[in-house]
file query-v3.pdb (PDB, C-alpha atoms, pLDDT in the B column)
ATOM      1  CA  MET A   1      52.591  38.236  24.093  1.00 55.00           C
ATOM      2  CA  LEU A   2      49.152  37.123  22.826  1.00 55.00           C
ATOM      3  CA  GLU A   3      47.005  34.800  24.840  1.00 66.00           C
ATOM      4  CA  PRO A   4      46.057  31.651  22.864  1.00 59.00           C
ATOM      5  CA  GLN A   5      42.352  32.646  22.898  1.00 65.00           C
ATOM      6  CA  GLN A   6      43.149  36.021  21.283  1.00 71.00           C
ATOM      7  CA  HIS A   7      45.086  34.684  18.309  1.00 73.00           C
ATOM      8  CA  PRO A   8      43.634  36.142  15.055  1.00 75.00           C
ATOM      9  CA  ASP A   9      43.520  32.763  13.315  1.00 77.00           C
ATOM     10  CA  LEU A  10      41.238  31.333  16.005  1.00 80.00           C
ATOM     11  CA  ALA A  11      38.305  33.485  14.925  1.00 78.00           C
ATOM     12  CA  GLU A  12      38.506  32.169  11.336  1.00 84.00           C
ATOM     13  CA  ILE A  13      38.933  28.580  12.534  1.00 86.00           C
ATOM     14  CA  GLY A  14      35.892  29.051  14.772  1.00 83.00           C
ATOM     15  CA  HIS A  15      33.803  30.274  11.812  1.00 86.00           C
ATOM     16  CA  VAL A  16      34.930  27.357   9.633  1.00 90.00           C
ATOM     17  CA  LEU A  17      34.091  24.852  12.362  1.00 90.00           C
ATOM     18  CA  GLN A  18      30.678  26.467  12.935  1.00 92.00           C
ATOM     19  CA  ARG A  19      29.850  26.261   9.204  1.00 94.00           C
ATOM     20  CA  ARG A  20      30.890  22.600   9.154  1.00 94.00           C
ATOM     21  CA  LEU A  21      28.783  21.856  12.218  1.00 93.00           C
ATOM     22  CA  ASP A  22      25.781  23.605  10.639  1.00 94.00           C
ATOM     23  CA  HIS A  23      26.260  21.552   7.461  1.00 94.00           C
ATOM     24  CA  VAL A  24      26.440  18.294   9.440  1.00 94.00           C
ATOM     25  CA  LEU A  25      23.303  19.185  11.418  1.00 94.00           C
ATOM     26  CA  GLU A  26      21.385  19.945   8.206  1.00 95.00           C
ATOM     27  CA  ALA A  27      22.502  16.638   6.691  1.00 94.00           C
ATOM     28  CA  GLU A  28      21.458  14.727   9.820  1.00 94.00           C
ATOM     29  CA  GLN A  29      18.035  16.392   9.818  1.00 94.00           C
ATOM     30  CA  GLU A  30      17.518  15.535   6.150  1.00 92.00           C
ATOM     31  CA  ALA A  31      18.575  11.930   6.785  1.00 91.00           C
ATOM     32  CA  ALA A  32      16.104  11.695   9.683  1.00 90.00           C
ATOM     33  CA  ALA A  33      13.314  13.039   7.472  1.00 86.00           C
ATOM     34  CA  VAL A  34      14.112  10.519   4.733  1.00 85.00           C
ATOM     35  CA  LEU A  35      14.124   7.695   7.270  1.00 83.00           C
ATOM     36  CA  ALA A  36      10.771   8.821   8.660  1.00 78.00           C
ATOM     37  CA  ARG A  37       9.275   8.835   5.143  1.00 76.00           C
ATOM     38  CA  ARG A  38      10.628   5.339   4.467  1.00 75.00           C
ATOM     39  CA  MET A  39       9.275   4.012   7.752  1.00 74.00           C
ATOM     40  CA  ALA A  40       5.806   5.460   7.268  1.00 76.00           C
ATOM     41  CA  THR A  41       3.089   2.845   7.072  1.00 82.00           C
ATOM     42  CA  ILE A  42       0.638   2.679   4.211  1.00 83.00           C
ATOM     43  CA  ARG A  43      -1.984   4.139   6.528  1.00 85.00           C
ATOM     44  CA  ASP A  44       0.358   7.047   7.404  1.00 86.00           C
ATOM     45  CA  ARG A  45       0.792   7.825   3.730  1.00 86.00           C
ATOM     46  CA  LEU A  46      -2.928   7.584   3.139  1.00 90.00           C
ATOM     47  CA  LEU A  47      -3.612   9.994   5.998  1.00 90.00           C
ATOM     48  CA  ASP A  48      -1.160  12.464   4.438  1.00 89.00           C
ATOM     49  CA  ALA A  49      -2.892  12.020   1.078  1.00 90.00           C
ATOM     50  CA  GLU A  50      -6.285  12.547   2.718  1.00 92.00           C
ATOM     51  CA  ASP A  51      -5.068  15.815   4.240  1.00 92.00           C
ATOM     52  CA  ALA A  52      -3.897  16.906   0.776  1.00 92.00           C
ATOM     53  CA  GLN A  53      -7.224  15.810  -0.772  1.00 90.00           C
ATOM     54  CA  ALA A  54      -5.223  13.762  -3.257  1.00 93.00           C
ATOM     55  CA  SER A  55      -6.583  11.613  -6.047  1.00 96.00           C
ATOM     56  CA  LEU A  56      -5.798   7.950  -5.735  1.00 95.00           C
ATOM     57  CA  ARG A  57      -5.962   4.833  -7.887  1.00 96.00           C
ATOM     58  CA  VAL A  58      -6.170   1.527  -6.030  1.00 95.00           C
ATOM     59  CA  ILE A  59      -5.882  -1.983  -7.396  1.00 95.00           C
ATOM     60  CA  THR A  60      -7.065  -4.688  -5.025  1.00 94.00           C
ATOM     61  CA  THR A  61      -5.919  -8.276  -4.624  1.00 92.00           C
ATOM     62  CA  GLY A  62      -9.003  -9.331  -6.617  1.00 91.00           C
ATOM     63  CA  GLY A  63      -7.929  -7.129  -9.529  1.00 93.00           C
ATOM     64  CA  HIS A  64     -10.621  -4.501  -9.036  1.00 94.00           C
ATOM     65  CA  VAL A  65      -9.683  -0.893  -9.728  1.00 96.00           C
ATOM     66  CA  ALA A  66     -11.033   2.033  -7.723  1.00 95.00           C
ATOM     67  CA  GLU A  67     -10.232   5.671  -8.454  1.00 95.00           C
ATOM     68  CA  GLY A  68     -11.169   8.999  -6.968  1.00 96.00           C
ATOM     69  CA  ARG A  69     -10.404  11.656  -4.416  1.00 96.00           C
ATOM     70  CA  LEU A  70      -9.396  10.194  -1.084  1.00 95.00           C
ATOM     71  CA  ARG A  71     -12.293  11.186   1.151  1.00 94.00           C
ATOM     72  CA  ALA A  72     -11.527   9.291   4.366  1.00 95.00           C
ATOM     73  CA  VAL A  73      -9.117   6.811   5.913  1.00 94.00           C
ATOM     74  CA  GLY A  74     -10.323   4.507   8.660  1.00 93.00           C
ATOM     75  CA  CYS A  75      -8.375   2.047  10.753  1.00 90.00           C
ATOM     76  CA  ASP A  76      -9.081  -0.732   8.229  1.00 92.00           C
ATOM     77  CA  HIS A  77     -10.462   0.954   5.093  1.00 95.00           C
ATOM     78  CA  LEU A  78     -10.311   3.949   2.792  1.00 95.00           C
ATOM     79  CA  GLU A  79     -13.051   5.833   0.976  1.00 96.00           C
ATOM     80  CA  LEU A  80     -12.707   7.228  -2.520  1.00 96.00           C
ATOM     81  CA  THR A  81     -15.174   9.667  -4.079  1.00 96.00           C
ATOM     82  CA  MET A  82     -15.672  10.188  -7.802  1.00 95.00           C
ATOM     83  CA  ASN A  83     -18.634  11.936  -9.460  1.00 95.00           C
ATOM     84  CA  GLY A  84     -20.627  11.798  -6.234  1.00 93.00           C
ATOM     85  CA  ASP A  85     -20.175   8.045  -5.775  1.00 96.00           C
ATOM     86  CA  THR A  86     -18.214   6.661  -2.817  1.00 96.00           C
ATOM     87  CA  THR A  87     -16.187   3.464  -2.961  1.00 96.00           C
ATOM     88  CA  VAL A  88     -15.001   1.778   0.226  1.00 96.00           C
ATOM     89  CA  VAL A  89     -11.863  -0.400   0.000  1.00 96.00           C
ATOM     90  CA  ALA A  90     -10.534  -2.579   2.805  1.00 95.00           C
ATOM     91  CA  LEU A  91      -6.865  -1.788   3.449  1.00 92.00           C
ATOM     92  CA  ASP A  92      -5.931  -5.467   3.650  1.00 92.00           C
ATOM     93  CA  CYS A  93      -7.180  -5.850   0.043  1.00 93.00           C
ATOM     94  CA  VAL A  94      -4.999  -3.059  -1.383  1.00 92.00           C
ATOM     95  CA  GLU A  95      -2.298  -4.417  -3.641  1.00 93.00           C
ATOM     96  CA  ILE A  96      -1.185  -1.321  -5.589  1.00 93.00           C
ATOM     97  CA  MET A  97      -1.765   2.390  -4.990  1.00 92.00           C
ATOM     98  CA  SER A  98      -0.797   5.326  -7.145  1.00 92.00           C
ATOM     99  CA  TRP A  99      -1.371   9.010  -6.621  1.00 86.00           C
ATOM    100  CA  GLY A 100      -2.310  11.169  -9.524  1.00 76.00           C
TER     101      GLY A 100
END
call {"tool": "encode", "arguments": {"input": "query-v3.pdb", "output": "structure tokens"}}
result
Amino acid sequence: MLEPQQHPDLAEIGHVLQRRLDHVLEAEQEAAAVLARRMATIRDRLLDAEDAQASLRVITTGGHVAEGRLRAVGCDHLELTMNGDTTVVALDCVEIMSWG
């Protein structure tokens, strides 16, 4: 008589359950990453863009447009560089940002 733990079907069931668990864990990790991206502040996104040396276009509440490579992000401002000129924009004045 076979012990319940030695039944041949248990090995296959164990593999199926492990694959399902792995799939669920991957889905949960992806969901956590999406949530973290959604919860990122504007400053967080700017810091990521600074690390990537991204180009940025900013429209301020006064309607001014500033463009250039994101050179620096401070606690209350950002600095864009284009053709050797630096533009400083206060974060509380940023209305629209686009990366390009």
call {"tool": "closest_residue", "arguments": {"input": "query-v3.pdb", "among": "A:Gly63, A:Leu46, A:Ala32, A:Val58", "to": "A:Val89", "atoms": "only C-alpha atoms"}}
result
A:Val58
call {"tool": "residues_around", "arguments": {"input": "query-v3.pdb", "residues": "A:Ala54", "least_positions_apart": "2", "cutoff": "8 Å", "atoms": "all atoms listed in the file", "output": "VMD selection string"}}
result
chain A and resid 49 to 52 56 69 to 70 99 to 100
call {"tool": "atom_distance", "arguments": {"input": "query-v3.pdb", "atom1": "atom CA of A:Gln53", "atom2": "atom CA of A:Glu67"}}
result
13.1 Å
call {"tool": "closest_residue", "arguments": {"input": "query-v3.pdb", "among": "A:Ala27, A:Leu35, A:Cys75, A:Val65", "to": "A:Leu91", "atoms": "all atoms listed in the file"}}
result
A:Cys75
call {"tool": "atom_distance", "arguments": {"input": "query-v3.pdb", "atom1": "atom CA of A:Leu80", "atom2": "atom CA of A:Met97"}}
result
12.2 Å
call {"tool": "closest_residue", "arguments": {"input": "query-v3.pdb", "among": "A:Leu47, A:Leu10, A:Leu25, A:Val34", "to": "A:Arg71", "atoms": "only C-alpha atoms"}}
result
A:Leu47
call {"tool": "resolve_selection", "arguments": {"input": "query-v3.pdb", "expression": "the PyMOL selection byres ((chain A and resi 87) around 9)", "output": "number ranges by chain"}}
result
A: 66-68, 78-82, 85-86, 88-89
call {"tool": "atom_distance", "arguments": {"input": "query-v3.pdb", "atom1": "atom CA of A:Arg20", "atom2": "atom CA of A:Arg38"}}
result
27.0 Å
call {"tool": "closest_residue", "arguments": {"input": "query-v3.pdb", "among": "A:Pro8, A:Ala36, A:Arg43, A:Glu95", "to": "A:Thr61", "atoms": "only C-alpha atoms"}}
result
A:Glu95
call {"tool": "closest_residue", "arguments": {"input": "query-v3.pdb", "among": "A:His64, A:Gln18, A:Val94, A:Ile13", "to": "A:Asp76", "atoms": "all atoms listed in the file"}}
result
A:Val94
call {"tool": "axis_aligned_box", "arguments": {"input": "query-v3.pdb", "around": "stretch 87-99 of chain A", "padding_each_side": "6 Å", "output": "lines of an AutoDock Vina configuration file"}}
result
center_x = -8.5
center_y = 1.6
center_z = -1.7
size_x = 27.4
size_y = 26.9
size_z = 22.8
call {"tool": "decode", "arguments": {"input": "query-v3.pdb", "residues": "stretch 25-56 of chain A", "atoms": "N, CA and C atoms", "output": "PDB file, in the first residue's frame"}}
result
ATOM      1  N   LEU A  25       2.987  35.415  -7.577  1.00  0.00           N
ATOM      2  CA  LEU A  25       4.037  36.272  -7.029  1.00  0.00           C
ATOM      3  C   LEU A  25       4.524  37.281  -8.064  1.00  0.00           C
ATOM      4  N   GLU A  26       4.682  36.861  -9.310  1.00  0.00           N
ATOM      5  CA  GLU A  26       5.089  37.779 -10.375  1.00  0.00           C
ATOM      6  C   GLU A  26       4.036  38.867 -10.578  1.00  0.00           C
ATOM      7  N   ALA A  27       2.768  38.479 -10.574  1.00  0.00           N
ATOM      8  CA  ALA A  27       1.691  39.448 -10.755  1.00  0.00           C
ATOM      9  C   ALA A  27       1.654  40.440  -9.597  1.00  0.00           C
ATOM     10  N   GLU A  28       1.863  39.975  -8.378  1.00  0.00           N
ATOM     11  CA  GLU A  28       1.872  40.866  -7.221  1.00  0.00           C
ATOM     12  C   GLU A  28       3.051  41.831  -7.280  1.00  0.00           C
ATOM     13  N   GLN A  29       4.209  41.364  -7.728  1.00  0.00           N
ATOM     14  CA  GLN A  29       5.363  42.246  -7.844  1.00  0.00           C
ATOM     15  C   GLN A  29       5.136  43.310  -8.909  1.00  0.00           C
ATOM     16  N   GLU A  30       4.542  42.933 -10.021  1.00  0.00           N
ATOM     17  CA  GLU A  30       4.234  43.895 -11.079  1.00  0.00           C
ATOM     18  C   GLU A  30       3.223  44.923 -10.582  1.00  0.00           C
ATOM     19  N   ALA A  31       2.195  44.473  -9.865  1.00  0.00           N
ATOM     20  CA  ALA A  31       1.201  45.391  -9.325  1.00  0.00           C
ATOM     21  C   ALA A  31       1.839  46.375  -8.336  1.00  0.00           C
ATOM     22  N   ALA A  32       2.757  45.902  -7.529  1.00  0.00           N
ATOM     23  CA  ALA A  32       3.452  46.779  -6.574  1.00  0.00           C
ATOM     24  C   ALA A  32       4.294  47.812  -7.313  1.00  0.00           C
ATOM     25  N   ALA A  33       4.940  47.404  -8.393  1.00  0.00           N
ATOM     26  CA  ALA A  33       5.747  48.338  -9.177  1.00  0.00           C
ATOM     27  C   ALA A  33       4.877  49.401  -9.836  1.00  0.00           C
ATOM     28  N   VAL A  34       3.731  49.005 -10.361  1.00  0.00           N
ATOM     29  CA  VAL A  34       2.806  49.954 -10.974  1.00  0.00           C
ATOM     30  C   VAL A  34       2.313  50.948  -9.927  1.00  0.00           C
ATOM     31  N   LEU A  35       1.957  50.449  -8.762  1.00  0.00           N
ATOM     32  CA  LEU A  35       1.491  51.325  -7.686  1.00  0.00           C
ATOM     33  C   LEU A  35       2.579  52.308  -7.278  1.00  0.00           C
ATOM     34  N   ALA A  36       3.803  51.857  -7.192  1.00  0.00           N
ATOM     35  CA  ALA A  36       4.908  52.742  -6.818  1.00  0.00           C
ATOM     36  C   ALA A  36       5.095  53.839  -7.863  1.00  0.00           C
ATOM     37  N   ARG A  37       4.963  53.481  -9.152  1.00  0.00           N
ATOM     38  CA  ARG A  37       5.085  54.495 -10.209  1.00  0.00           C
ATOM     39  C   ARG A  37       3.952  55.504 -10.115  1.00  0.00           C
ATOM     40  N   ARG A  38       2.753  55.048  -9.823  1.00  0.00           N
ATOM     41  CA  ARG A  38       1.601  55.957  -9.726  1.00  0.00           C
ATOM     42  C   ARG A  38       1.713  56.877  -8.518  1.00  0.00           C
ATOM     43  N   MET A  39       2.340  56.405  -7.459  1.00  0.00           N
ATOM     44  CA  MET A  39       2.431  57.182  -6.235  1.00  0.00           C
ATOM     45  C   MET A  39       3.651  58.096  -6.209  1.00  0.00           C
ATOM     46  N   ALA A  40       4.494  58.013  -7.211  1.00  0.00           N
ATOM     47  CA  ALA A  40       5.689  58.833  -7.250  1.00  0.00           C
ATOM     48  C   ALA A  40       5.300  60.307  -7.364  1.00  0.00           C
ATOM     49  N   THR A  41       5.982  61.131  -6.632  1.00  0.00           N
ATOM     50  CA  THR A  41       5.724  62.570  -6.708  1.00  0.00           C
ATOM     51  C   THR A  41       6.347  63.129  -7.977  1.00  0.00           C
ATOM     52  N   ILE A  42       5.997  64.347  -8.294  1.00  0.00           N
ATOM     53  CA  ILE A  42       6.597  65.007  -9.450  1.00  0.00           C
ATOM     54  C   ILE A  42       8.112  65.081  -9.262  1.00  0.00           C
ATOM     55  N   ARG A  43       8.534  65.399  -8.046  1.00  0.00           N
ATOM     56  CA  ARG A  43       9.966  65.496  -7.781  1.00  0.00           C
ATOM     57  C   ARG A  43      10.650  64.138  -7.989  1.00  0.00           C
ATOM     58  N   ASP A  44       9.995  63.042  -7.555  1.00  0.00           N
ATOM     59  CA  ASP A  44      10.554  61.706  -7.780  1.00  0.00           C
ATOM     60  C   ASP A  44      10.768  61.451  -9.267  1.00  0.00           C
ATOM     61  N   ARG A  45       9.776  61.809 -10.056  1.00  0.00           N
ATOM     62  CA  ARG A  45       9.886  61.585 -11.499  1.00  0.00           C
ATOM     63  C   ARG A  45      10.968  62.465 -12.119  1.00  0.00           C
ATOM     64  N   LEU A  46      11.078  63.681 -11.612  1.00  0.00           N
ATOM     65  CA  LEU A  46      12.137  64.555 -12.099  1.00  0.00           C
ATOM     66  C   LEU A  46      13.516  64.021 -11.742  1.00  0.00           C
ATOM     67  N   LEU A  47      13.665  63.487 -10.545  1.00  0.00           N
ATOM     68  CA  LEU A  47      14.954  62.906 -10.152  1.00  0.00           C
ATOM     69  C   LEU A  47      15.319  61.725 -11.050  1.00  0.00           C
ATOM     70  N   ASP A  48      14.326  60.901 -11.389  1.00  0.00           N
ATOM     71  CA  ASP A  48      14.571  59.795 -12.325  1.00  0.00           C
ATOM     72  C   ASP A  48      14.993  60.328 -13.692  1.00  0.00           C
ATOM     73  N   ALA A  49      14.310  61.387 -14.139  1.00  0.00           N
ATOM     74  CA  ALA A  49      14.636  61.991 -15.432  1.00  0.00           C
ATOM     75  C   ALA A  49      16.028  62.621 -15.410  1.00  0.00           C
ATOM     76  N   GLU A  50      16.388  63.217 -14.277  1.00  0.00           N
ATOM     77  CA  GLU A  50      17.733  63.787 -14.142  1.00  0.00           C
ATOM     78  C   GLU A  50      18.796  62.695 -14.266  1.00  0.00           C
ATOM     79  N   ASP A  51      18.558  61.572 -13.587  1.00  0.00           N
ATOM     80  CA  ASP A  51      19.501  60.450 -13.672  1.00  0.00           C
ATOM     81  C   ASP A  51      19.664  59.962 -15.108  1.00  0.00           C
ATOM     82  N   ALA A  52      18.570  60.000 -15.869  1.00  0.00           N
ATOM     83  CA  ALA A  52      18.590  59.547 -17.266  1.00  0.00           C
ATOM     84  C   ALA A  52      19.065  60.644 -18.224  1.00  0.00           C
ATOM     85  N   GLN A  53      19.360  61.826 -17.689  1.00  0.00           N
ATOM     86  CA  GLN A  53      19.752  62.981 -18.499  1.00  0.00           C
ATOM     87  C   GLN A  53      18.727  63.239 -19.599  1.00  0.00           C
ATOM     88  N   ALA A  54      17.464  63.220 -19.212  1.00  0.00           N
ATOM     89  CA  ALA A  54      16.368  63.364 -20.163  1.00  0.00           C
ATOM     90  C   ALA A  54      16.160  64.820 -20.571  1.00  0.00           C
ATOM     91  N   SER A  55      15.591  64.989 -21.746  1.00  0.00           N
ATOM     92  CA  SER A  55      15.151  66.309 -22.189  1.00  0.00           C
ATOM     93  C   SER A  55      13.746  66.535 -21.675  1.00  0.00           C
ATOM     94  N   LEU A  56      13.457  67.785 -21.373  1.00  0.00           N
ATOM     95  CA  LEU A  56      12.186  68.102 -20.733  1.00  0.00           C
ATOM     96  C   LEU A  56      11.641  69.403 -21.294  1.00  0.00           C
TER      97      LEU A  56
END
